[in-house]
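Trainee: Please find work17.tsv (TSV, C-alpha atoms) on the next line:
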chain	number	residue	atom	x	y	z
A	1	MET	CA	-24.22	22.27	15.59
A	2	SER	CA	-23.17	20.12	18.52
A	3	VAL	CA	-26.20	19.02	20.52
A	4	GLU	CA	-25.98	19.85	24.23
A	5	ARG	CA	-29.51	19.00	25.42
A	6	VAL	CA	-32.53	17.44	23.68
A	7	GLY	CA	-36.20	18.08	24.35
A	8	VAL	CA	-38.60	15.41	23.09
A	9	VAL	CA	-42.26	16.00	22.14
A	10	VAL	CA	-44.10	12.69	21.70
A	11	HIS	CA	-47.56	11.82	20.39
A	12	GLN	CA	-48.37	9.49	23.28
A	13	GLY	CA	-51.40	8.05	21.53
A	14	ARG	CA	-49.31	6.42	18.80
A	15	PRO	CA	-47.26	3.33	19.76
A	16	GLU	CA	-44.79	3.93	16.93
A	17	ALA	CA	-44.10	7.43	18.28
A	18	VAL	CA	-43.50	6.07	21.78
A	19	ALA	CA	-41.14	3.44	20.33
A	20	ALA	CA	-39.24	6.07	18.30
A	21	ALA	CA	-38.91	8.20	21.43
A	22	ARG	CA	-37.08	5.31	23.12
A	23	VAL	CA	-34.61	5.32	20.22
A	24	VAL	CA	-34.01	9.05	20.73
A	25	ARG	CA	-33.43	8.57	24.46
A	26	ASP	CA	-31.03	5.66	23.83
A	27	TRP	CA	-29.06	7.81	21.36
A	28	CYS	CA	-28.87	10.62	23.90
A	29	ALA	CA	-27.68	8.23	26.59
A	30	GLY	CA	-24.99	6.88	24.26
A	31	GLU	CA	-23.77	10.38	23.39
A	32	GLY	CA	-23.97	11.67	26.95
A	33	VAL	CA	-26.59	14.26	25.97
A	34	PRO	CA	-29.32	15.09	28.54
A	35	CYS	CA	-32.81	14.36	27.24
A	36	THR	CA	-36.11	15.67	28.65
A	37	ASP	CA	-39.74	15.10	27.63
A	38	ILE	CA	-41.46	18.45	27.09
A	39	ASP	CA	-45.02	19.65	26.54
A	40	VAL	CA	-46.29	16.81	28.69
A	41	TRP	CA	-49.55	17.39	30.52
A	42	ARG	CA	-51.99	15.74	32.87
A	43	ASP	CA	-55.72	16.31	33.03
A	44	ASP	CA	-55.31	18.19	36.31
A	45	ALA	CA	-52.31	20.29	35.22
A	46	ARG	CA	-52.14	23.47	33.18
A	47	ARG	CA	-50.07	23.70	30.03
A	48	ARG	CA	-47.18	26.15	29.84
A	49	GLY	CA	-46.18	28.83	27.36
A	50	GLY	CA	-43.21	28.18	25.08
A	51	ARG	CA	-40.57	30.06	27.09
A	52	GLU	CA	-41.63	28.51	30.39
A	53	GLU	CA	-41.76	25.04	28.80
A	54	ALA	CA	-38.18	25.36	27.59
A	55	HIS	CA	-36.98	26.74	30.93
A	56	VAL	CA	-38.51	23.85	32.88
A	57	ALA	CA	-36.85	21.40	30.46
A	58	GLY	CA	-33.41	22.95	31.01
A	59	ASN	CA	-33.43	25.00	27.79
A	60	PRO	CA	-32.73	22.30	25.17
A	61	ASP	CA	-30.89	23.39	22.02
A	62	LEU	CA	-32.61	20.74	19.88
A	63	ILE	CA	-36.28	19.77	20.01
A	64	VAL	CA	-37.27	16.45	18.46
A	65	THR	CA	-40.94	15.84	17.67
A	66	LEU	CA	-42.33	12.35	17.09
A	67	GLY	CA	-45.78	12.28	15.49
A	68	GLY	CA	-47.54	14.21	12.78
A	69	ASP	CA	-47.93	17.89	12.00
A	70	GLY	CA	-49.84	18.56	15.22
A	71	THR	CA	-46.97	17.20	17.29
A	72	PHE	CA	-44.51	19.20	15.19
A	73	LEU	CA	-46.47	22.40	15.91
A	74	ARG	CA	-46.27	21.66	19.63
A	75	GLY	CA	-42.50	21.51	19.38
A	76	ALA	CA	-42.26	24.42	16.97
A	77	ARG	CA	-43.98	26.88	19.33
A	78	ILE	CA	-41.29	26.12	21.92
A	79	ALA	CA	-38.39	26.08	19.46
A	80	ALA	CA	-39.28	29.38	17.78
A	81	LYS	CA	-39.75	31.18	21.11
A	82	ASN	CA	-36.26	30.11	22.20
A	83	HIS	CA	-34.50	30.29	18.81
A	84	VAL	CA	-33.50	26.63	18.80
A	85	ALA	CA	-33.78	24.04	16.04
A	86	VAL	CA	-36.57	21.50	15.68
A	87	LEU	CA	-36.27	18.04	14.08
A	88	GLY	CA	-39.58	16.49	13.01
A	89	ILE	CA	-39.77	12.70	12.82
A	90	ASP	CA	-42.56	11.75	10.42
A	91	LEU	CA	-45.17	9.45	11.95
A	92	GLY	CA	-48.21	11.26	10.54
A	93	ARG	CA	-50.51	10.49	7.65
A	94	VAL	CA	-51.12	13.64	5.63
A	95	GLY	CA	-48.90	16.44	6.90
A	96	PHE	CA	-46.23	18.59	5.29
A	97	LEU	CA	-44.11	19.66	8.25
A	98	THR	CA	-42.30	16.47	9.25
A	99	GLU	CA	-39.98	14.72	6.81
A	100	VAL	CA	-37.53	12.36	8.51
A	101	PRO	CA	-38.94	8.78	8.61
A	102	ALA	CA	-38.81	6.90	11.90
A	103	GLU	CA	-36.18	4.47	10.62
A	104	ASP	CA	-33.79	7.40	10.06
A	105	VAL	CA	-33.95	8.79	13.61
A	106	VAL	CA	-30.39	7.81	14.54
A	107	ARG	CA	-28.96	8.97	11.21
A	108	ALA	CA	-30.73	12.32	11.63
A	109	LEU	CA	-29.49	12.82	15.18
A	110	ASP	CA	-25.94	11.91	14.14
A	111	ALA	CA	-26.11	14.39	11.26
A	112	VAL	CA	-27.27	17.21	13.54
A	113	HIS	CA	-24.74	16.40	16.26
A	114	ARG	CA	-21.85	16.34	13.79
A	115	GLY	CA	-22.89	19.41	11.83
A	116	ARG	CA	-23.92	17.59	8.65
A	117	ALA	CA	-27.59	18.57	8.61
A	118	ASP	CA	-29.14	21.55	6.83
A	119	VAL	CA	-31.02	24.19	8.79
A	120	GLU	CA	-33.96	25.80	6.98
A	121	GLU	CA	-35.62	28.92	8.35
A	122	ARG	CA	-39.38	29.45	8.14
A	123	MET	CA	-41.32	32.67	8.52
A	124	THR	CA	-43.58	32.95	11.57
A	125	LEU	CA	-46.34	35.35	12.64
A	126	THR	CA	-46.88	37.42	15.75
A	127	MET	CA	-49.52	39.98	16.68
A	128	ARG	CA	-50.81	42.97	18.61
A	129	THR	CA	-54.29	43.30	20.03
A	130	SER	CA	-56.43	46.10	21.42
A	131	ARG	CA	-56.28	44.38	24.81
A	132	VAL	CA	-54.69	41.34	26.42
A	133	LEU	CA	-56.46	38.17	25.27
A	134	GLU	CA	-58.49	36.21	27.79
A	135	VAL	CA	-60.24	32.84	27.64
A	136	PRO	CA	-63.67	32.90	29.32
A	137	LYS	CA	-64.23	30.50	32.16
A	138	ASP	CA	-65.37	26.98	31.24
A	139	ILE	CA	-64.99	27.64	27.51
A	140	ASP	CA	-62.87	24.50	27.13
A	141	ALA	CA	-65.98	22.41	27.67
A	142	LEU	CA	-67.97	24.54	25.22
A	143	MET	CA	-65.29	24.28	22.53
A	144	GLY	CA	-64.68	20.57	23.03
A	145	TYR	CA	-61.15	20.88	24.36
A	146	GLY	CA	-61.82	18.42	27.16
A	147	ARG	CA	-59.52	15.86	25.56
A	148	ARG	CA	-56.48	17.85	26.71
A	149	PRO	CA	-55.65	20.97	28.72
A	150	MET	CA	-55.72	24.25	26.85
A	151	LEU	CA	-52.72	26.49	26.39
A	152	PRO	CA	-52.88	29.69	28.46
A	153	PRO	CA	-53.71	33.03	26.83
A	154	PRO	CA	-50.59	34.70	25.37
A	155	HIS	CA	-48.52	36.87	27.68
A	156	VAL	CA	-47.55	40.44	26.91
A	157	ASP	CA	-44.26	40.54	25.01
A	158	LEU	CA	-41.97	42.37	27.42
A	159	GLU	CA	-39.21	42.62	24.81
A	160	ALA	CA	-41.45	44.65	22.48
A	161	GLU	CA	-42.62	48.20	22.96
A	162	ALA	CA	-45.75	46.82	24.58
A	163	ALA	CA	-47.31	50.11	25.67
A	164	ALA	CA	-46.71	52.13	22.48
A	165	GLU	CA	-49.50	54.71	22.42
A	166	GLY	CA	-52.30	53.76	20.02
A	167	TRP	CA	-50.61	50.61	18.72
A	168	GLY	CA	-52.25	48.07	21.00
A	169	VAL	CA	-50.64	45.41	23.15
A	170	ALA	CA	-47.73	43.34	21.80
A	171	LEU	CA	-48.28	39.66	22.59
A	172	ASP	CA	-45.62	37.00	23.02
A	173	VAL	CA	-46.97	34.90	20.15
A	174	THR	CA	-45.27	32.81	17.48
A	175	ALA	CA	-47.46	31.11	14.87
A	176	LEU	CA	-45.91	28.83	12.27
A	177	ASN	CA	-49.13	28.02	10.38
A	178	ASP	CA	-51.84	30.59	11.06
A	179	VAL	CA	-53.81	32.92	13.27
A	180	VAL	CA	-57.58	32.47	12.88
A	181	VAL	CA	-60.53	34.52	14.08
A	182	GLU	CA	-63.68	32.38	13.90
A	183	LYS	CA	-67.25	32.60	15.10
A	184	LEU	CA	-67.69	31.45	18.66
A	185	ALA	CA	-71.40	30.65	18.46
A	186	ARG	CA	-72.63	28.28	15.76
A	187	ASP	CA	-75.66	30.44	14.91
A	188	ARG	CA	-73.84	33.80	14.66
A	189	GLN	CA	-71.20	34.64	12.09
A	190	VAL	CA	-68.36	36.93	13.02
A	191	SER	CA	-68.43	40.34	11.29
A	192	LEU	CA	-65.05	41.93	10.81
A	193	GLY	CA	-63.52	44.98	9.23
A	194	VAL	CA	-60.35	43.74	7.51
A	195	TYR	CA	-57.41	46.10	7.12
A	196	ILE	CA	-54.22	45.58	5.12
A	197	GLY	CA	-51.34	47.93	5.74
A	198	GLY	CA	-53.64	50.04	7.90
A	199	ARG	CA	-56.22	50.62	5.14
A	200	LEU	CA	-59.70	49.07	5.10
A	201	LEU	CA	-60.00	46.31	2.48
A	202	ALA	CA	-63.62	45.30	3.17
A	203	SER	CA	-66.04	44.28	5.90
A	204	TYR	CA	-66.63	40.54	6.04
A	205	SER	CA	-69.36	38.43	7.63
A	206	ALA	CA	-67.96	34.91	7.69
A	207	ASP	CA	-67.46	31.71	9.62
A	208	ALA	CA	-63.80	32.66	10.05
A	209	VAL	CA	-60.89	34.55	8.58
A	210	ILE	CA	-57.39	33.06	8.36
A	211	MET	CA	-54.06	34.86	8.42
A	212	ALA	CA	-51.49	32.28	7.34
A	213	THR	CA	-47.81	31.93	6.54
A	214	PRO	CA	-46.61	30.17	3.37
A	215	THR	CA	-45.95	27.15	5.59
A	216	GLY	CA	-49.59	27.29	6.67
A	217	SER	CA	-50.84	27.62	3.10
A	218	THR	CA	-51.28	23.82	2.94
A	219	ALA	CA	-53.26	23.72	6.20
A	220	TYR	CA	-56.57	25.44	7.07
A	221	SER	CA	-56.14	28.11	4.41
A	222	PHE	CA	-55.85	25.45	1.70
A	223	ALA	CA	-58.95	23.64	3.01
A	224	ALA	CA	-60.82	26.96	2.74
A	225	GLY	CA	-59.85	27.36	-0.93
A	226	GLY	CA	-56.61	29.29	-0.53
A	227	PRO	CA	-53.56	28.89	-2.77
A	228	VAL	CA	-50.51	26.71	-2.20
A	229	VAL	CA	-47.50	28.96	-1.60
A	230	SER	CA	-43.87	27.87	-1.50
A	231	PRO	CA	-42.64	27.73	2.11
A	232	ARG	CA	-39.43	29.40	0.90
A	233	MET	CA	-41.38	32.64	0.43
A	234	ASP	CA	-42.17	35.34	2.95
A	235	ALA	CA	-45.81	36.47	2.69
A	236	VAL	CA	-49.03	36.70	4.70
A	237	LEU	CA	-52.14	35.04	3.27
A	238	PHE	CA	-55.58	36.38	4.19
A	239	THR	CA	-58.31	33.80	3.47
A	240	PRO	CA	-62.01	34.21	4.43
A	241	VAL	CA	-64.01	31.09	5.32
A	242	ALA	CA	-67.58	30.95	3.98
A	243	PRO	CA	-68.00	34.73	3.68
A	244	HIS	CA	-71.45	36.18	2.92
A	245	MET	CA	-70.17	38.28	0.03
A	246	THR	CA	-69.17	37.87	-3.60
A	247	PHE	CA	-65.46	38.43	-3.03
A	248	ASN	CA	-64.23	35.24	-1.38
A	249	ARG	CA	-60.65	35.09	-2.63
A	250	THR	CA	-57.39	34.89	-0.76
A	251	VAL	CA	-55.29	38.05	-0.68
A	252	VAL	CA	-51.52	37.50	-0.51
A	253	VAL	CA	-49.67	40.43	1.02
A	254	ALA	CA	-46.04	41.31	1.62
A	255	PRO	CA	-44.53	40.28	4.99
A	256	ASP	CA	-44.14	43.93	6.02
A	257	GLU	CA	-47.85	44.64	5.47
A	258	PRO	CA	-49.87	43.88	8.63
A	259	VAL	CA	-53.29	42.27	8.30
A	260	ALA	CA	-55.72	43.41	10.99
A	261	VAL	CA	-59.33	42.65	11.86
A	262	ARG	CA	-61.76	44.66	13.99
A	263	VAL	CA	-64.90	43.03	15.40
A	264	LEU	CA	-67.88	45.09	14.26
A	265	PRO	CA	-70.59	46.30	16.70
A	266	ASN	CA	-73.31	43.76	15.81
A	267	SER	CA	-71.00	40.78	15.40
A	268	GLY	CA	-70.95	37.62	17.43
A	269	GLN	CA	-67.84	36.96	19.51
A	270	GLY	CA	-64.70	35.81	17.73
A	271	ALA	CA	-62.49	32.97	18.96
A	272	VAL	CA	-58.77	33.48	18.33
A	273	THR	CA	-56.80	30.34	17.55
A	274	ILE	CA	-53.06	30.19	17.00
A	275	ASP	CA	-51.83	27.13	15.10
A	276	GLY	CA	-55.11	25.42	15.92
A	277	GLN	CA	-55.07	26.21	19.66
A	278	LEU	CA	-57.75	28.45	21.19
A	279	ARG	CA	-55.94	31.34	22.92
A	280	GLY	CA	-58.57	34.02	23.48
A	281	VAL	CA	-61.90	35.62	22.58
A	282	LEU	CA	-62.64	38.96	20.90
A	283	ASP	CA	-65.71	41.06	21.67
A	284	ALA	CA	-67.35	43.81	19.60
A	285	GLY	CA	-64.92	46.68	19.17
A	286	ASP	CA	-61.80	44.58	19.80
A	287	TRP	CA	-59.11	44.35	17.15
A	288	LEU	CA	-56.18	42.14	16.33
A	289	GLY	CA	-53.24	42.78	13.99
A	290	VAL	CA	-51.08	39.99	12.53
A	291	TYR	CA	-47.68	40.47	10.91
A	292	ALA	CA	-44.37	38.74	10.22
A	293	ALA	CA	-42.47	38.01	13.42
A	294	PRO	CA	-38.81	38.97	13.85
A	295	ARG	CA	-38.06	35.41	14.99
A	296	ARG	CA	-38.00	32.54	12.49
A	297	LEU	CA	-38.33	28.82	13.04
A	298	ARG	CA	-35.16	26.80	12.44
A	299	VAL	CA	-36.05	23.41	10.93
A	300	ILE	CA	-33.56	20.57	10.57
A	301	ARG	CA	-33.35	18.95	7.11
A	302	LEU	CA	-31.19	16.00	6.04
A	303	GLY	CA	-31.11	17.42	2.51
A	304	PRO	CA	-32.83	19.95	0.23
A	305	HIS	CA	-36.57	20.24	0.86
A	306	ASP	CA	-38.55	18.64	-1.99
A	307	PHE	CA	-41.76	20.56	-1.30
A	308	TYR	CA	-43.40	19.93	-4.67
A	309	GLY	CA	-42.65	16.21	-4.66
A	310	ARG	CA	-44.19	16.08	-1.21
A	311	LEU	CA	-47.17	18.11	-2.45
A	312	ARG	CA	-47.76	15.59	-5.24
A	313	THR	CA	-47.44	12.63	-2.88
A	314	ARG	CA	-49.33	13.96	0.15
A	315	LEU	CA	-52.27	15.34	-1.84
A	316	ARG	CA	-52.24	12.31	-4.16
A	317	LEU	CA	-52.16	14.53	-7.20
A	318	THR	CA	-53.02	12.65	-10.38
A	319	ASP	CA	-52.47	13.56	-14.01
A	320	ALA	CA	-55.35	14.51	-16.28
A	321	PRO	CA	-56.57	11.46	-18.24
A	322	ALA	CA	-55.82	13.14	-21.57
A	323	ALA	CA	-52.28	13.90	-20.43
A	324	ALA	CA	-51.77	10.45	-18.90
A	325	ALA	CA	-52.64	8.90	-22.26
A	326	GLU	CA	-49.43	10.40	-23.62
A	327	GLY	CA	-47.43	7.97	-21.47
A	328	GLU	CA	-44.84	8.64	-18.79
A	329	ILE	CA	-43.92	12.30	-18.51
A	330	ALA	CA	-40.22	12.90	-19.05
A	331	PRO	CA	-38.20	14.86	-16.46
A	332	LEU	CA	-37.78	18.53	-17.30
A	333	PHE	CA	-34.10	18.88	-16.43
A	334	ARG	CA	-31.60	16.03	-16.62
A	335	PRO	CA	-28.34	17.84	-17.36
A	336	ASP	CA	-25.08	16.00	-17.96
A	337	GLY	CA	-22.92	18.96	-17.00
A	338	PRO	CA	-22.86	21.77	-14.43
A	339	ILE	CA	-25.74	24.21	-14.13
A	340	PRO	CA	-25.36	27.09	-16.65
A	341	HIS	CA	-24.36	30.48	-15.25
A	342	ASP	CA	-27.72	32.07	-16.09
A	343	LEU	CA	-29.49	29.38	-14.03
A	344	ALA	CA	-26.99	29.14	-11.19
A	345	HIS	CA	-29.02	31.45	-8.93
A	346	LEU	CA	-32.16	29.28	-9.15
A	347	HIS	CA	-33.38	26.68	-6.68
A	348	PHE	CA	-33.72	23.24	-8.25
A	349	SER	CA	-35.21	20.03	-6.91
A	350	LEU	CA	-33.02	17.45	-5.20
A	351	ALA	CA	-33.08	15.15	-8.26
A	352	ASP	CA	-32.00	17.95	-10.60
A	353	ARG	CA	-29.19	18.99	-8.29
A	354	ASP	CA	-27.94	15.38	-8.08
A	355	ALA	CA	-28.04	15.09	-11.87
A	356	ALA	CA	-26.12	18.34	-12.32
A	357	ALA	CA	-23.51	17.09	-9.88
A	358	GLY	CA	-23.18	13.83	-11.80
A	359	GLY	CA	-25.14	11.81	-9.23
I need this file expressed as structure tokens, please.
Mentor:
Amino acid sequence: MSVERVGVVVHQGRPEAVAAARVVRDWCAGEGVPCTDIDVWRDDARRRGGREEAHVAGNPDLIVTLGGDGTFLRGARIAAKNHVAVLGIDLGRVGFLTEVPAEDVVRALDAVHRGRADVEERMTLTMRTSRVLEVPKDIDALMGYGRRPMLPPPHVDLEAEAAAEGWGVALDVTALNDVVVEKLARDRQVSLGVYIGGRLLASYSADAVIMATPTGSTAYSFAAGGPVVSPRMDAVLFTPVAPHMTFNRTVVVAPDEPVAVRVLPNSGQGAVTIDGQLRGVLDAGDWLGVYAAPRRLRVIRLGPHDFYGRLRTRLRLTDAPAAAAEGEIAPLFRPDGPIPHDLAHLHFSLADRDAAAGG
């Protein structure tokens, strides 16, 4: 893809991110590509939805994020809404979403501009609700969001069949990681009827319930005891957080099976967060349905995604002492020739592919 306009999302609290942003702007100036800072806010200004943010920035066709996973999610919500690619420059500490190190910024931009980069697509989530979501007045102070302005409640998705009888309101939402319904008051759990594919699974009383993508399986869902799922998959993970019941396991469902929750009559209010951002509150009787979105996030890669190598490194996975005593573990595949026909349809790690190619 030839880059026509760049939008830059910067973690302003990190000097190295600010410095890397200067490198991006210098590259843009050298290539004659317009460059605009996006998702920038002041304490006295409201934040904008993804479509409006892109429109104000001149509709960039590449969004570059400089920071950690939180910064990447800020850029991703804009990129997915506008079907443009996002390039994440890694300046975080623990995350899984950004991969390109700061010293490779120019190489990455050159690769994208000259069509040498890979584009990986990730599943996202959207939702319908029984009513349009609203954020009660002054809740930002209650929830501790005073450090930055909140995003507005989601708009109605005018491209969907928003007023379909009995199917709720379609919201203009794109979640890369997860949609969470959590208790609003510390002393009252949220009680929810949980439905999968339209059928009741069980009623939960919990601190929260998480509906996550495979990409989000290494985020809040993982912290709550959920499984790690390959981001190359399409699936929806339902994970309860501290439920008052024996069954506390994650349920992994097909992407065409919606996961819905209804707030039960005696429940406390439920806060709805989308990729970690508070976007509305549910009252007793309200419901929310989450399902795979038609739009996917386009992520720029400089090469094949080594998810499991990153998993080992980021989570500092160590080998069992008994196994480590056996010495260094040999690689599984180190072929001298081409990949056999019966394995040709499989996805191998970057190192295995290089070996098979004689690298």
Trainee: Kindly give the distance, in Å, that separates atom CA of A:Asp110 and atom CA of A:Thr65, rounded to a single decimal.
Mentor: 15.9 Å
Trainee: Give me the residues within 12 Å of A:Val40 as a PyMOL selection string, counting only C-alpha atoms and dropping any in the same chain fewer than 3 places off.
Mentor: chain A and resi 7-12+36-37+43-48+53-54+56-57+71+74-75+148-149+151
Trainee: Write the residues of the selection above to a file with C-alpha atoms, as a PDB file, in the coordinates of the input.
Mentor:
ATOM      1  CA  GLY A   7     -36.200  18.080  24.350  1.00  0.00           C
ATOM      2  CA  VAL A   8     -38.600  15.410  23.090  1.00  0.00           C
ATOM      3  CA  VAL A   9     -42.260  16.000  22.140  1.00  0.00           C
ATOM      4  CA  VAL A  10     -44.100  12.690  21.700  1.00  0.00           C
ATOM      5  CA  HIS A  11     -47.560  11.820  20.390  1.00  0.00           C
ATOM      6  CA  GLN A  12     -48.370   9.490  23.280  1.00  0.00           C
ATOM      7  CA  THR A  36     -36.110  15.670  28.650  1.00  0.00           C
ATOM      8  CA  ASP A  37     -39.740  15.100  27.630  1.00  0.00           C
ATOM      9  CA  ASP A  43     -55.720  16.310  33.030  1.00  0.00           C
ATOM     10  CA  ASP A  44     -55.310  18.190  36.310  1.00  0.00           C
ATOM     11  CA  ALA A  45     -52.310  20.290  35.220  1.00  0.00           C
ATOM     12  CA  ARG A  46     -52.140  23.470  33.180  1.00  0.00           C
ATOM     13  CA  ARG A  47     -50.070  23.700  30.030  1.00  0.00           C
ATOM     14  CA  ARG A  48     -47.180  26.150  29.840  1.00  0.00           C
ATOM     15  CA  GLU A  53     -41.760  25.040  28.800  1.00  0.00           C
ATOM     16  CA  ALA A  54     -38.180  25.360  27.590  1.00  0.00           C
ATOM     17  CA  VAL A  56     -38.510  23.850  32.880  1.00  0.00           C
ATOM     18  CA  ALA A  57     -36.850  21.400  30.460  1.00  0.00           C
ATOM     19  CA  THR A  71     -46.970  17.200  17.290  1.00  0.00           C
ATOM     20  CA  ARG A  74     -46.270  21.660  19.630  1.00  0.00           C
ATOM     21  CA  GLY A  75     -42.500  21.510  19.380  1.00  0.00           C
ATOM     22  CA  ARG A 148     -56.480  17.850  26.710  1.00  0.00           C
ATOM     23  CA  PRO A 149     -55.650  20.970  28.720  1.00  0.00           C
ATOM     24  CA  LEU A 151     -52.720  26.490  26.390  1.00  0.00           C
TER      25      LEU A 151
END
Trainee: From the set A:Met150, A:Ile89, A:Ile300, A:Val132, which residue has the shortest atom-to-atom contact distance to A:Asp39, counting only C-alpha atoms?
Mentor: A:Met150
Trainee: Within 12 Å of (-38.2, 15.0, 18.1) in the file's own coordinates, which protein, DNA or RNA residues have an atom, counting only C-alpha atoms? List them as a ChimeraX atom specification.
Mentor: /A:6-11,17-18,20-25,28,35-39,60-69,71-76,79,85-91,98-102,104-106,108-109,299-300
Trainee: Let me make sure I understand: among A:Val272, A:Leu125, A:His345, A:Ser191, which one has the smallest atom-to-atom distance to A:Val236 if we use all atoms listed in the file?
Mentor: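 With all atoms listed in the file as the atom set, the closest residue is A:Leu125.
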Trainee: Step by step: start from the point (-44.6, 30.7, 23.1) in the file's coordinates, keep every protein, DNA or RNA residue that has an atom no farther than 9 Å from it, count all atoms listed in the file, and write the set as number ranges by chain.
Mentor: A: 48-53, 77-82, 154-155, 172-175
Trainee: Rank A:Gly92, A:Gly197, A:Pro136, A:Gly58 by their smallest atom-to-atom distance to A:Gly270, using all atoms listed in the file, and report the top residue only.
Mentor: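 For A:Gly270, the nearest of the candidates is A:Pro136.
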Trainee: Which residues, written as a PyMOL selection string, have at least one atom at most 9 Å from stretch 199-207 of chain A, with only C-alpha atoms counted and residues fewer than 3 positions away on the same chain left out?
Mentor: chain A and resi 181-183+186+188-196+240-245+264+267
Trainee: Write to file, as a PDB file, keeping the file's coordinate frame, the residues of the selection just made, with C-alpha atoms.
Mentor:
ATOM      1  CA  VAL A 181     -60.530  34.520  14.080  1.00  0.00           C
ATOM      2  CA  GLU A 182     -63.680  32.380  13.900  1.00  0.00           C
ATOM      3  CA  LYS A 183     -67.250  32.600  15.100  1.00  0.00           C
ATOM      4  CA  ARG A 186     -72.630  28.280  15.760  1.00  0.00           C
ATOM      5  CA  ARG A 188     -73.840  33.800  14.660  1.00  0.00           C
ATOM      6  CA  GLN A 189     -71.200  34.640  12.090  1.00  0.00           C
ATOM      7  CA  VAL A 190     -68.360  36.930  13.020  1.00  0.00           C
ATOM      8  CA  SER A 191     -68.430  40.340  11.290  1.00  0.00           C
ATOM      9  CA  LEU A 192     -65.050  41.930  10.810  1.00  0.00           C
ATOM     10  CA  GLY A 193     -63.520  44.980   9.230  1.00  0.00           C
ATOM     11  CA  VAL A 194     -60.350  43.740   7.510  1.00  0.00           C
ATOM     12  CA  TYR A 195     -57.410  46.100   7.120  1.00  0.00           C
ATOM     13  CA  ILE A 196     -54.220  45.580   5.120  1.00  0.00           C
ATOM     14  CA  PRO A 240     -62.010  34.210   4.430  1.00  0.00           C
ATOM     15  CA  VAL A 241     -64.010  31.090   5.320  1.00  0.00           C
ATOM     16  CA  ALA A 242     -67.580  30.950   3.980  1.00  0.00           C
ATOM     17  CA  PRO A 243     -68.000  34.730   3.680  1.00  0.00           C
ATOM     18  CA  HIS A 244     -71.450  36.180   2.920  1.00  0.00           C
ATOM     19  CA  MET A 245     -70.170  38.280   0.030  1.00  0.00           C
ATOM     20  CA  LEU A 264     -67.880  45.090  14.260  1.00  0.00           C
ATOM     21  CA  SER A 267     -71.000  40.780  15.400  1.00  0.00           C
TER      22      SER A 267
END
Trainee: As JSON, please report the centre and edge lengths, rounded to one decimal in Å, of the axis-aligned box that holds all listed atoms of stretch 239-258 of chain A with 8 Å of padding on each of the six sides.
Mentor:
{"center_x": -57.8, "center_y": 37.8, "center_z": 2.5, "size_x": 43.3, "size_y": 29.7, "size_z": 28.2}
Trainee: Counting all atoms listed in the file, figure out which residue out of A:Leu158, A:Val252, A:Val261, A:Leu332 gets nearest to A:Trp287.
Mentor: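 Of all the options, A:Val261 lies closest to A:Trp287.
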